[in-house]
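Next comes upload.txt, a file with compact mmCIF, C-alpha atoms.
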# COMPACT_ATOMS: atom_id res chain seq x y z
CA MET A 22 141.50 145.69 71.27
CA LYS A 23 139.87 142.71 73.01
CA ALA A 24 141.31 141.10 76.13
CA ALA A 25 140.45 138.71 78.96
CA VAL A 26 139.78 140.96 81.95
CA PHE A 27 139.62 139.79 85.55
CA GLU A 28 136.42 141.17 87.08
CA GLY A 29 136.77 139.66 90.53
CA PRO A 30 136.75 136.13 91.98
CA GLY A 31 135.13 133.68 89.57
CA ARG A 32 134.66 136.24 86.76
CA VAL A 33 136.65 136.81 83.58
CA ALA A 34 135.29 138.62 80.51
CA TRP A 35 136.52 139.03 76.91
CA GLN A 36 135.96 142.73 76.38
CA ASP A 37 137.28 145.95 74.88
CA VAL A 38 140.33 147.55 76.52
CA PRO A 39 142.73 150.28 75.37
CA ASP A 40 145.51 149.27 72.99
CA PRO A 41 148.89 148.93 74.73
CA ARG A 42 151.60 151.50 74.07
CA PRO A 43 155.32 151.43 74.90
CA ASP A 44 155.84 152.95 78.35
CA ASP A 45 159.60 152.52 78.34
CA PRO A 46 162.35 152.46 75.70
CA GLY A 47 162.93 148.77 76.49
CA ASP A 48 159.32 147.73 75.75
CA ALA A 49 158.01 145.74 72.83
CA ILE A 50 154.42 145.58 71.61
CA VAL A 51 153.58 142.08 70.44
CA ARG A 52 150.56 140.90 68.48
CA VAL A 53 149.39 137.72 70.18
CA ASP A 54 149.18 134.78 67.78
CA VAL A 55 148.84 131.87 70.24
CA VAL A 56 148.05 132.12 73.93
CA THR A 57 147.14 129.66 76.64
CA ILE A 58 145.57 129.54 80.09
CA CYS A 59 147.64 128.54 83.12
CA GLY A 60 146.60 126.83 86.31
CA THR A 61 147.81 129.99 88.03
CA ASP A 62 145.06 131.90 86.19
CA LEU A 63 142.56 129.56 87.84
CA HIS A 64 144.16 130.29 91.21
CA ILE A 65 143.70 134.01 90.46
CA LEU A 66 140.01 133.41 89.72
CA LYS A 67 139.67 131.59 93.04
CA GLY A 68 141.10 134.60 94.84
CA ASP A 69 144.38 132.92 95.74
CA VAL A 70 146.49 135.78 94.31
CA PRO A 71 145.18 138.97 95.95
CA GLU A 72 147.73 141.18 94.15
CA VAL A 73 145.67 140.72 90.97
CA THR A 74 142.96 143.36 91.13
CA PRO A 75 139.76 143.70 89.09
CA GLY A 76 140.40 145.25 85.69
CA ARG A 77 143.67 143.41 85.10
CA VAL A 78 144.20 141.69 81.74
CA LEU A 79 145.16 138.13 82.57
CA GLY A 80 147.73 135.78 81.07
CA HIS A 81 151.49 135.31 81.08
CA GLU A 82 152.14 132.78 78.29
CA ALA A 83 152.04 133.57 74.57
CA VAL A 84 153.70 133.44 71.17
CA GLY A 85 153.31 136.43 68.92
CA THR A 86 154.74 138.83 66.36
CA VAL A 87 156.60 141.99 67.32
CA VAL A 88 154.86 145.04 65.85
CA GLU A 89 156.60 147.88 67.71
CA THR A 90 159.74 148.32 69.80
CA GLY A 91 161.13 151.01 72.05
CA ARG A 92 164.33 152.69 70.97
CA ASP A 93 166.53 150.67 73.39
CA VAL A 94 165.42 147.21 72.20
CA ARG A 95 168.26 145.45 70.37
CA THR A 96 167.53 141.70 70.20
CA VAL A 97 164.21 141.72 68.32
CA ARG A 98 162.61 143.93 65.71
CA PRO A 99 159.15 144.34 64.17
CA GLY A 100 158.11 141.28 62.21
CA ASP A 101 159.95 138.79 64.44
CA ARG A 102 157.96 135.83 65.75
CA VAL A 103 158.75 135.50 69.44
CA LEU A 104 158.06 133.52 72.57
CA ILE A 105 156.91 135.75 75.43
CA SER A 106 158.35 134.53 78.71
CA CYS A 107 156.14 134.40 81.79
CA ILE A 108 158.98 136.14 83.65
CA SER A 109 160.32 139.60 82.81
CA ALA A 110 163.91 140.46 83.71
CA CYS A 111 165.45 143.90 84.14
CA GLY A 112 168.91 142.38 83.75
CA ARG A 113 170.50 144.83 86.19
CA CYS A 114 169.45 143.98 89.75
CA ARG A 115 171.28 141.54 92.03
CA PHE A 116 168.93 138.65 91.29
CA CYS A 117 168.95 139.11 87.52
CA ARG A 118 172.76 139.14 87.58
CA GLU A 119 172.55 135.76 89.33
CA GLY A 120 170.12 134.42 86.70
CA ARG A 121 167.28 134.41 89.24
CA TYR A 122 164.93 136.42 87.07
CA GLY A 123 161.84 135.35 89.00
CA GLN A 124 163.07 137.41 91.95
CA CYS A 125 163.86 140.52 89.86
CA ARG A 126 163.81 143.71 91.93
CA GLY A 127 164.09 146.11 89.00
CA GLY A 128 160.47 145.99 87.89
CA GLY A 129 160.46 142.48 86.47
CA GLY A 130 159.71 139.02 87.83
CA TRP A 131 156.19 137.69 87.37
CA VAL A 132 154.44 140.87 86.30
CA LEU A 133 152.45 139.92 83.17
CA GLY A 134 148.84 139.19 84.11
CA HIS A 135 149.79 139.84 87.72
CA LEU A 136 150.99 143.39 88.31
CA ILE A 137 150.62 144.66 84.72
CA ASP A 138 148.30 143.68 81.88
CA GLY A 139 149.03 140.27 80.44
CA THR A 140 148.99 138.17 77.30
CA GLN A 141 145.37 137.00 77.01
CA ALA A 142 144.67 139.80 74.57
CA GLU A 143 145.07 140.73 70.93
CA TYR A 144 148.20 142.75 71.77
CA VAL A 145 150.48 142.94 74.81
CA ARG A 146 153.18 145.27 76.06
CA VAL A 147 156.24 143.28 77.12
CA PRO A 148 158.72 145.13 79.37
CA PHE A 149 162.47 144.47 79.21
CA ALA A 150 162.00 142.91 75.79
CA ASP A 151 165.68 142.10 75.24
CA LEU A 152 165.59 139.53 78.06
CA SER A 153 161.88 138.72 78.15
CA VAL A 154 161.13 137.52 74.61
CA HIS A 155 162.89 134.85 72.59
CA PRO A 156 163.01 134.78 68.77
CA LEU A 157 161.57 131.53 67.46
CA PRO A 158 163.14 129.39 64.73
CA SER A 159 160.80 128.59 61.86
CA ALA A 160 160.96 124.88 62.70
CA VAL A 161 159.14 125.41 66.03
CA ASP A 162 155.35 125.52 65.81
CA SER A 163 153.69 128.37 67.70
CA ALA A 164 151.28 126.09 69.56
CA ASP A 165 154.22 123.98 70.77
CA ALA A 166 156.37 126.96 71.62
CA VAL A 167 153.76 128.49 73.91
CA LEU A 168 154.46 125.63 76.33
CA LEU A 169 157.95 127.05 76.80
CA ALA A 170 156.57 130.30 78.19
CA ASP A 171 155.89 128.73 81.57
CA ILE A 172 155.13 125.04 82.07
CA PHE A 173 158.32 123.46 80.75
CA PRO A 174 160.78 125.86 82.43
CA THR A 175 158.70 125.82 85.62
CA SER A 176 158.62 122.04 85.82
CA TYR A 177 162.28 121.74 84.91
CA GLU A 178 163.65 124.45 87.19
CA VAL A 179 161.32 124.33 90.20
CA GLY A 180 160.68 120.59 90.05
CA VAL A 181 163.55 118.69 88.43
CA LEU A 182 166.48 120.99 89.23
CA ASN A 183 165.31 121.97 92.72
CA GLY A 184 164.52 118.33 93.42
CA ARG A 185 167.99 117.32 92.18
CA VAL A 186 166.69 114.38 90.16
CA ARG A 187 169.51 111.91 89.50
CA PRO A 188 169.89 108.66 87.55
CA ALA A 189 168.07 105.70 89.15
CA ASP A 190 166.03 107.93 91.51
CA THR A 191 162.46 107.10 92.38
CA VAL A 192 160.50 110.23 91.48
CA VAL A 193 156.91 110.85 92.56
CA VAL A 194 154.86 113.59 90.87
CA VAL A 195 151.66 114.56 92.68
CA GLY A 196 149.35 116.23 90.19
CA ALA A 197 149.18 115.29 86.50
CA GLY A 198 148.05 118.62 85.13
CA PRO A 199 150.21 120.47 82.58
CA ILE A 200 152.96 121.21 85.12
CA GLY A 201 153.04 117.66 86.43
CA LEU A 202 153.13 116.19 82.93
CA ALA A 203 155.95 118.52 81.92
CA ALA A 204 157.76 117.45 85.10
CA ILE A 205 157.54 113.84 83.95
CA ALA A 206 158.97 114.72 80.54
CA THR A 207 161.86 116.77 81.94
CA ALA A 208 162.63 114.37 84.81
CA ARG A 209 163.13 111.64 82.22
CA LEU A 210 166.08 113.61 80.84
CA TYR A 211 167.96 112.46 83.97
CA SER A 212 167.17 108.72 83.64
CA PRO A 213 165.33 108.16 86.94
CA GLY A 214 164.77 104.58 87.96
CA GLN A 215 160.99 104.99 88.12
CA ILE A 216 158.40 107.74 87.98
CA ILE A 217 155.19 107.39 89.98
CA VAL A 218 152.32 109.80 89.35
CA VAL A 219 149.33 110.58 91.56
CA ASP A 220 146.18 112.39 90.40
CA LEU A 221 142.41 112.26 90.85
CA ALA A 222 141.55 112.04 87.13
CA GLU A 223 142.08 108.83 85.19
CA SER A 224 142.36 110.79 81.93
CA ARG A 225 145.37 112.67 83.29
CA LEU A 226 146.93 109.50 84.64
CA ALA A 227 146.57 108.01 81.15
CA ALA A 228 148.42 111.05 79.77
CA ALA A 229 151.09 110.54 82.42
CA ARG A 230 151.61 106.94 81.36
CA LYS A 231 151.87 108.04 77.74
CA LEU A 232 154.62 110.50 78.69
CA GLY A 233 156.62 107.88 80.56
CA ALA A 234 155.18 107.34 84.04
CA ASP A 235 156.00 103.83 85.25
CA ALA A 236 153.18 103.62 87.80
CA THR A 237 150.12 105.71 88.56
CA ALA A 238 147.59 105.96 91.37
CA THR A 239 144.56 107.96 92.35
CA ALA A 240 144.21 109.28 95.88
CA GLY A 241 141.82 106.43 96.62
CA ASP A 242 144.31 103.81 95.41
CA GLY A 243 146.63 104.34 98.36
CA PRO A 244 149.57 106.15 96.75
CA GLU A 245 151.61 106.08 99.97
CA GLN A 246 151.40 102.29 100.07
CA LEU A 247 152.27 102.09 96.37
CA VAL A 248 155.42 104.17 96.90
CA GLU A 249 156.34 102.08 99.91
CA ASP A 250 155.88 98.85 97.95
CA LEU A 251 157.90 100.08 94.95
CA THR A 252 160.80 101.32 97.11
CA ASP A 253 161.01 98.39 99.56
CA GLY A 254 159.66 100.62 102.31
CA LEU A 255 162.25 103.36 101.84
CA GLY A 256 160.20 106.13 100.19
CA ALA A 257 160.82 108.28 97.14
CA ASP A 258 164.08 110.10 96.47
CA VAL A 259 162.24 113.09 94.99
CA VAL A 260 158.59 114.09 95.40
CA MET A 261 157.18 117.00 93.38
CA GLU A 262 154.01 118.81 94.45
CA ALA A 263 152.23 120.10 91.34
CA VAL A 264 148.73 120.88 92.63
CA GLY A 265 148.88 123.66 95.21
CA ILE A 266 146.60 122.53 98.04
CA PRO A 267 147.49 121.61 101.63
CA ALA A 268 146.48 117.95 101.33
CA THR A 269 148.77 117.26 98.40
CA PHE A 270 151.75 119.02 99.99
CA GLU A 271 151.31 117.02 103.17
CA LEU A 272 150.98 113.83 101.09
CA CYS A 273 154.33 114.63 99.48
CA THR A 274 156.06 114.96 102.84
CA ARG A 275 154.77 111.52 103.84
CA MET A 276 156.11 109.79 100.73
CA VAL A 277 159.68 111.11 100.74
CA ARG A 278 162.53 108.94 102.05
CA PRO A 279 164.99 110.00 104.74
CA GLY A 280 167.48 112.31 103.04
CA GLY A 281 165.08 112.87 100.15
CA ARG A 282 163.80 116.06 98.52
CA VAL A 283 160.33 117.57 98.28
CA ALA A 284 160.10 120.13 95.46
CA ASN A 285 156.98 122.27 95.73
CA ILE A 286 155.87 123.60 92.34
CA GLY A 287 152.18 124.26 92.99
CA VAL A 288 150.70 127.69 93.71
CA HIS A 289 149.27 127.67 97.23
CA GLY A 290 146.48 129.94 98.41
CA LYS A 291 146.05 128.43 101.87
CA PRO A 292 148.42 127.40 104.68
CA ALA A 293 149.71 123.83 104.73
CA GLU A 294 150.79 122.02 107.87
CA LEU A 295 154.48 121.22 108.11
CA HIS A 296 154.80 118.17 110.33
CA LEU A 297 158.22 118.86 111.77
CA GLU A 298 157.50 116.36 114.55
CA ASP A 299 157.92 113.69 111.85
CA LEU A 300 160.32 115.41 109.44
CA TRP A 301 162.98 116.90 111.74
CA ILE A 302 164.78 113.58 112.10
CA LYS A 303 164.61 112.55 108.41
CA ASP A 304 167.10 115.01 106.84
CA VAL A 305 164.46 116.03 104.33
CA THR A 306 165.00 119.02 102.04
CA ILE A 307 161.92 121.04 101.05
CA THR A 308 162.27 123.59 98.26
CA THR A 309 159.90 126.21 96.92
CA GLY A 310 160.35 128.50 93.98
CA LEU A 311 159.08 130.78 91.28
CA VAL A 312 160.43 129.92 87.85
CA ASP A 313 163.34 132.03 86.60
CA THR A 314 163.07 130.93 82.92
CA SER A 315 166.88 130.91 82.70
CA SER A 316 166.52 127.45 81.12
CA THR A 317 164.22 128.66 78.31
CA PRO A 318 166.94 129.03 75.62
CA MET A 319 168.15 125.47 76.30
CA LEU A 320 164.62 124.07 76.28
CA LEU A 321 163.90 125.94 73.06
CA ARG A 322 166.90 124.26 71.43
CA MET A 323 165.61 120.90 72.64
CA MET A 324 162.17 121.59 71.21
CA ALA A 325 163.65 122.60 67.86
CA ALA A 326 165.52 119.28 67.86
CA GLY A 327 162.33 117.34 68.59
CA ARG A 328 163.41 116.34 72.10
CA LEU A 329 160.40 117.69 74.05
CA PRO A 330 156.92 116.12 73.82
CA ALA A 331 154.90 119.30 73.40
CA ALA A 332 152.02 118.37 71.10
CA GLU A 333 150.74 115.67 73.49
CA LEU A 334 149.89 118.32 76.10
CA ILE A 335 147.52 120.43 73.95
CA THR A 336 144.06 118.86 74.15
CA HIS A 337 141.73 121.72 73.16
CA CYS A 338 142.09 124.53 70.61
CA PHE A 339 140.00 127.69 70.36
CA GLU A 340 139.85 130.92 68.45
CA LEU A 341 141.23 133.86 70.41
CA GLY A 342 137.74 135.32 70.80
CA GLN A 343 136.54 132.13 72.51
CA MET A 344 138.44 133.00 75.69
CA GLU A 345 135.48 132.63 78.06
CA GLN A 346 134.63 129.22 76.60
CA ALA A 347 138.28 128.16 76.93
CA TYR A 348 138.31 129.19 80.60
CA ASP A 349 135.20 127.11 81.18
CA VAL A 350 136.67 124.02 79.52
CA PHE A 351 140.04 124.37 81.25
CA GLY A 352 138.45 125.11 84.62
CA ARG A 353 136.37 121.90 84.42
CA ALA A 354 139.28 119.69 83.43
CA ALA A 355 137.97 116.75 85.44
CA ASP A 356 134.84 116.73 83.26
CA THR A 357 136.31 117.88 79.92
CA GLY A 358 139.63 116.04 79.98
CA ALA A 359 141.46 119.29 79.25
CA ILE A 360 145.19 119.29 79.90
CA LYS A 361 146.34 122.44 78.12
CA VAL A 362 144.30 124.71 75.88
CA ALA A 363 145.62 126.84 73.02
CA LEU A 364 143.86 129.89 71.61
CA GLY A 365 144.63 131.42 68.24
CA GLY A 366 146.86 129.94 65.58
CA PRO A 367 149.95 130.55 63.50
CA GLN A 368 149.76 133.73 61.44
CA HIS A 369 152.48 134.24 58.86
CA THR A 370 150.94 137.19 57.10
CA ALA A 371 152.70 140.54 56.93
CA VAL A 372 152.13 142.89 59.83
CA GLU A 373 152.35 146.64 60.01
CA ALA A 374 155.69 147.17 61.72
CA THR A 375 157.01 150.31 63.30
CA VAL A 376 160.07 151.13 65.36
CA ALA A 377 159.42 153.72 68.03
CA THR A 378 161.75 156.69 68.15
CA ASP A 379 160.99 157.40 71.81
CA ALA A 380 159.30 155.78 74.78
CA GLY A 381 155.95 157.35 73.92
For this file, produce the structure as structure tokens.
Amino acid sequence: MKAAVFEGPGRVAWQDVPDPRPDDPGDAIVRVDVVTICGTDLHILKGDVPEVTPGRVLGHEAVGTVVETGRDVRTVRPGDRVLISCISACGRCRFCREGRYGQCRGGGGWVLGHLIDGTQAEYVRVPFADLSVHPLPSAVDSADAVLLADIFPTSYEVGVLNGRVRPADTVVVVGAGPIGLAAIATARLYSPGQIIVVDLAESRLAAARKLGADATATAGDGPEQLVEDLTDGLGADVVMEAVGIPATFELCTRMVRPGGRVANIGVHGKPAELHLEDLWIKDVTITTGLVDTSSTPMLLRMMAAGRLPAAELITHCFELGQMEQAYDVFGRAADTGAIKVALGGPQHTAVEATVATDAG
């Protein structure tokens, strides 16, 4: 099959790799119908995630069709259209029993496109399929559903829930990429008083306003002064970092009010300064987190009911074989205006389906 293979910092190639096979009775083999590229994949290409070694198939977000299952899989069967979660869950370890699947110690967590081959391929092996894929209702479009693999649960869990967004809060989102935009959409579920968004690109700020941002600013517009003006000098109740660089994290800590919350969502590859000389007296809470995807079933129900603005986030569509071109467009978002790219398309044709009788 063909797959997007990491060849080292700055290099990804669409090339031939061996077909995946079930390694465990709980595995499923899924034909990839729609896949996307994450900002984390760009961090991998920059060398920010050293655990990803050359030769790894990238990707952790996809919608596809089950073509083969191990003998222990019970919740899906060949022919089912499914959402592949970015997080795999063994279901047995301490953290999985607490619903903290991102911290799984039984072989799960963030493994796809990280520690094992991922979803940017024609086929993918998904471990712990019973907890790691979600059957899709026919009413949910595949290109919309792929946004539930990572960005919506990440923004909701690591941003909105960790930040404890409440009615009438002033919420600041720093970074209006896919994660930041999804944070706007999911923060609005809690009726904040105002949402302020900061980004470098005017095209992304325009998308933020379309999704419900009440005020926007570029770094050069003085976002700290804007927040101060809009909160009568108090600062924001919740500030979400959705970029992953030291400067934006430090900006977040300067805009939060005493007693407020800073929710870091971004993937960081370099140290950021924590100015405790200023923060120690302010009763500020700073949270970090890897998504657990425990909210995915709820978000899927919301999407099926038309309550999540998914289509607005997909700006560029490609054939699956145009992976290298898609990486180029997504990686130059400031020039191309890309927010989220989708590769492939819905396929409702019959597939050759088999049920494995053993793990091999």
Range 115-176 of chain A near range 276-293 of chain A within 12 Å: what's each residue's closest atom pair and its distance in Å to one decimal, counting all atoms listed in the file, ordered by chain then ascending residue number, as CSV?
residue,atom,partner,partner_atom,distance
A:Asp171,CA,A:Ile286,CA,11.9
A:Ile172,CA,A:Ile286,CA,10.4
A:Phe173,CA,A:Ile286,CA,11.8
A:Pro174,CA,A:Ile286,CA,11.3
A:Thr175,CA,A:Ile286,CA,7.6
A:Ser176,CA,A:Ile286,CA,7.2
With C-alpha atoms retained, could you export that selection as a short mmCIF file (atom, residue, chain, number, x, y, z; two decimals), in the coordinates of the input?
data_model
loop_
_atom_site.label_atom_id
_atom_site.label_comp_id
_atom_site.auth_asym_id
_atom_site.auth_seq_id
_atom_site.Cartn_x
_atom_site.Cartn_y
_atom_site.Cartn_z
CA ASP A 171 155.89 128.73 81.57
CA ILE A 172 155.13 125.04 82.07
CA PHE A 173 158.32 123.46 80.75
CA PRO A 174 160.78 125.86 82.43
CA THR A 175 158.70 125.82 85.62
CA SER A 176 158.62 122.04 85.82
#
task = May I ask for the distance between CA of Pro41 in chain A and CA of Gly29 in chain A, given in Å to one decimal place?
result = 22.0 Å
inquiry  = Neighbouring residues of Thr86 in chain A were defined as those with any atom within 9 Å, considering only C-alpha atoms; residues of the same chain fewer than 5 positions away were excluded. Please report them as a list in words.
reply    = Ile50, Val51, Arg52, Val53, Asp54, Pro99, Gly100, Asp101, Arg102, Val103, Leu104, Gln368 and Val372 of chain A
ask   = Quick one: of A:Asp151, A:Glu72, A:Glu28, A:Glu333, who's nearest to Pro199 in chain A, counting all atoms listed in the file?
value = A:Glu333
Kindly provide, as lines of an AutoDock Vina configuration file, the centre and edge lengths (Å, one decimal) of an axis-aligned box around all atoms of range 144-163 of chain A given in the file, with 5 Å on each side.
center_x = 156.9
center_y = 135.1
center_z = 70.6
size_x = 27.5
size_y = 30.4
size_z = 27.5
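Nearest to Phe270 in chain A of all the residues A:Thr308, A:Asn183, A:Gln124, A:Thr90 is A:Thr308, based on all atoms listed in the file.
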Excluding Pro213 in chain A and residues on its chain fewer than 6 positions from it, collect all residues at most 8 Å away from it, counting all atoms listed in the file, and give them as a compact mmCIF listing (two decimals) with C-alpha atoms, keeping the file's coordinate frame.
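part_7.txt was written with the following content:
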# COMPACT_ATOMS: atom_id res chain seq x y z
CA VAL A 186 166.69 114.38 90.16
CA ARG A 187 169.51 111.91 89.50
CA PRO A 188 169.89 108.66 87.55
CA ALA A 189 168.07 105.70 89.15
CA ASP A 190 166.03 107.93 91.51
CA THR A 191 162.46 107.10 92.38
CA VAL A 192 160.50 110.23 91.48
inquiry  = Give me, as a PyMOL selection string, all polymer residues having an atom no more than 9 Å from Leu272 in chain A, counting all atoms listed in the file and skipping those fewer than 5 positions away in the same chain.
reply    = chain A and resi 195+244-245+262+267
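Of the residues listed (A:Val194, A:Leu136, A:Val181, A:Leu334), A:Leu136 shows the shortest atom-to-atom separation from Val70 in chain A; distances use only C-alpha atoms.
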Reconstructed range 174-196 of chain A, atom set N, CA, C and O atoms, as a PDB file, in the frame of the given file:
ATOM      1  N   PRO A 174     159.739 125.353  81.523  1.00  0.00           N
ATOM      2  CA  PRO A 174     160.780 125.860  82.430  1.00  0.00           C
ATOM      3  C   PRO A 174     160.392 125.758  83.903  1.00  0.00           C
ATOM      4  O   PRO A 174     161.248 125.498  84.760  1.00  0.00           O
ATOM      5  N   THR A 175     159.114 125.939  84.229  1.00  0.00           N
ATOM      6  CA  THR A 175     158.700 125.820  85.620  1.00  0.00           C
ATOM      7  C   THR A 175     158.917 124.402  86.139  1.00  0.00           C
ATOM      8  O   THR A 175     159.493 124.188  87.211  1.00  0.00           O
ATOM      9  N   SER A 176     158.458 123.422  85.386  1.00  0.00           N
ATOM     10  CA  SER A 176     158.620 122.040  85.820  1.00  0.00           C
ATOM     11  C   SER A 176     160.084 121.648  85.920  1.00  0.00           C
ATOM     12  O   SER A 176     160.497 120.973  86.871  1.00  0.00           O
ATOM     13  N   TYR A 177     160.860 122.102  84.946  1.00  0.00           N
ATOM     14  CA  TYR A 177     162.280 121.740  84.910  1.00  0.00           C
ATOM     15  C   TYR A 177     163.052 122.413  86.038  1.00  0.00           C
ATOM     16  O   TYR A 177     163.802 121.753  86.769  1.00  0.00           O
ATOM     17  N   GLU A 178     162.853 123.714  86.204  1.00  0.00           N
ATOM     18  CA  GLU A 178     163.650 124.450  87.190  1.00  0.00           C
ATOM     19  C   GLU A 178     163.162 124.224  88.623  1.00  0.00           C
ATOM     20  O   GLU A 178     163.959 123.944  89.529  1.00  0.00           O
ATOM     21  N   VAL A 179     161.857 124.377  88.841  1.00  0.00           N
ATOM     22  CA  VAL A 179     161.320 124.330  90.200  1.00  0.00           C
ATOM     23  C   VAL A 179     161.107 122.891  90.660  1.00  0.00           C
ATOM     24  O   VAL A 179     161.161 122.602  91.864  1.00  0.00           O
ATOM     25  N   GLY A 180     160.879 121.988  89.707  1.00  0.00           N
ATOM     26  CA  GLY A 180     160.680 120.590  90.050  1.00  0.00           C
ATOM     27  C   GLY A 180     161.941 119.752  89.922  1.00  0.00           C
ATOM     28  O   GLY A 180     162.492 119.269  90.913  1.00  0.00           O
ATOM     29  N   VAL A 181     162.441 119.616  88.699  1.00  0.00           N
ATOM     30  CA  VAL A 181     163.550 118.690  88.430  1.00  0.00           C
ATOM     31  C   VAL A 181     164.873 119.197  88.998  1.00  0.00           C
ATOM     32  O   VAL A 181     165.594 118.453  89.678  1.00  0.00           O
ATOM     33  N   LEU A 182     165.200 120.472  88.735  1.00  0.00           N
ATOM     34  CA  LEU A 182     166.480 120.990  89.230  1.00  0.00           C
ATOM     35  C   LEU A 182     166.453 121.194  90.739  1.00  0.00           C
ATOM     36  O   LEU A 182     167.399 120.817  91.447  1.00  0.00           O
ATOM     37  N   ASN A 183     165.392 121.812  91.268  1.00  0.00           N
ATOM     38  CA  ASN A 183     165.310 121.970  92.720  1.00  0.00           C
ATOM     39  C   ASN A 183     165.266 120.634  93.440  1.00  0.00           C
ATOM     40  O   ASN A 183     165.811 120.473  94.537  1.00  0.00           O
ATOM     41  N   GLY A 184     164.598 119.660  92.824  1.00  0.00           N
ATOM     42  CA  GLY A 184     164.520 118.330  93.420  1.00  0.00           C
ATOM     43  C   GLY A 184     165.769 117.493  93.219  1.00  0.00           C
ATOM     44  O   GLY A 184     165.867 116.389  93.758  1.00  0.00           O
ATOM     45  N   ARG A 185     166.707 118.001  92.433  1.00  0.00           N
ATOM     46  CA  ARG A 185     167.990 117.320  92.180  1.00  0.00           C
ATOM     47  C   ARG A 185     167.768 115.875  91.733  1.00  0.00           C
ATOM     48  O   ARG A 185     168.338 114.925  92.292  1.00  0.00           O
ATOM     49  N   VAL A 186     166.942 115.711  90.712  1.00  0.00           N
ATOM     50  CA  VAL A 186     166.690 114.380  90.160  1.00  0.00           C
ATOM     51  C   VAL A 186     167.992 113.815  89.599  1.00  0.00           C
ATOM     52  O   VAL A 186     168.711 114.490  88.856  1.00  0.00           O
ATOM     53  N   ARG A 187     168.286 112.559  89.937  1.00  0.00           N
ATOM     54  CA  ARG A 187     169.510 111.910  89.500  1.00  0.00           C
ATOM     55  C   ARG A 187     169.191 110.554  88.895  1.00  0.00           C
ATOM     56  O   ARG A 187     168.106 109.999  89.129  1.00  0.00           O
ATOM     57  N   PRO A 188     170.122 109.986  88.120  1.00  0.00           N
ATOM     58  CA  PRO A 188     169.890 108.660  87.550  1.00  0.00           C
ATOM     59  C   PRO A 188     169.524 107.645  88.633  1.00  0.00           C
ATOM     60  O   PRO A 188     170.091 107.657  89.730  1.00  0.00           O
ATOM     61  N   ALA A 189     168.553 106.788  88.296  1.00  0.00           N
ATOM     62  CA  ALA A 189     168.070 105.700  89.150  1.00  0.00           C
ATOM     63  C   ALA A 189     167.192 106.152  90.304  1.00  0.00           C
ATOM     64  O   ALA A 189     166.710 105.324  91.082  1.00  0.00           O
ATOM     65  N   ASP A 190     166.927 107.454  90.451  1.00  0.00           N
ATOM     66  CA  ASP A 190     166.030 107.930  91.510  1.00  0.00           C
ATOM     67  C   ASP A 190     164.612 107.426  91.303  1.00  0.00           C
ATOM     68  O   ASP A 190     164.149 107.250  90.171  1.00  0.00           O
ATOM     69  N   THR A 191     163.919 107.248  92.418  1.00  0.00           N
ATOM     70  CA  THR A 191     162.460 107.100  92.380  1.00  0.00           C
ATOM     71  C   THR A 191     161.864 108.493  92.527  1.00  0.00           C
ATOM     72  O   THR A 191     162.112 109.188  93.521  1.00  0.00           O
ATOM     73  N   VAL A 192     161.096 108.895  91.518  1.00  0.00           N
ATOM     74  CA  VAL A 192     160.500 110.230  91.480  1.00  0.00           C
ATOM     75  C   VAL A 192     158.987 110.079  91.555  1.00  0.00           C
ATOM     76  O   VAL A 192     158.395 109.301  90.795  1.00  0.00           O
ATOM     77  N   VAL A 193     158.365 110.815  92.459  1.00  0.00           N
ATOM     78  CA  VAL A 193     156.910 110.850  92.560  1.00  0.00           C
ATOM     79  C   VAL A 193     156.446 112.253  92.161  1.00  0.00           C
ATOM     80  O   VAL A 193     156.981 113.248  92.661  1.00  0.00           O
ATOM     81  N   VAL A 194     155.464 112.324  91.278  1.00  0.00           N
ATOM     82  CA  VAL A 194     154.860 113.590  90.870  1.00  0.00           C
ATOM     83  C   VAL A 194     153.405 113.561  91.329  1.00  0.00           C
ATOM     84  O   VAL A 194     152.635 112.692  90.891  1.00  0.00           O
ATOM     85  N   VAL A 195     153.037 114.474  92.202  1.00  0.00           N
ATOM     86  CA  VAL A 195     151.660 114.560  92.680  1.00  0.00           C
ATOM     87  C   VAL A 195     150.966 115.675  91.917  1.00  0.00           C
ATOM     88  O   VAL A 195     151.275 116.855  92.080  1.00  0.00           O
ATOM     89  N   GLY A 196     150.045 115.295  91.062  1.00  0.00           N
ATOM     90  CA  GLY A 196     149.350 116.230  90.190  1.00  0.00           C
ATOM     91  C   GLY A 196     149.781 116.028  88.753  1.00  0.00           C
ATOM     92  O   GLY A 196     150.931 116.279  88.403  1.00  0.00           O
TER      93      GLY A 196
END
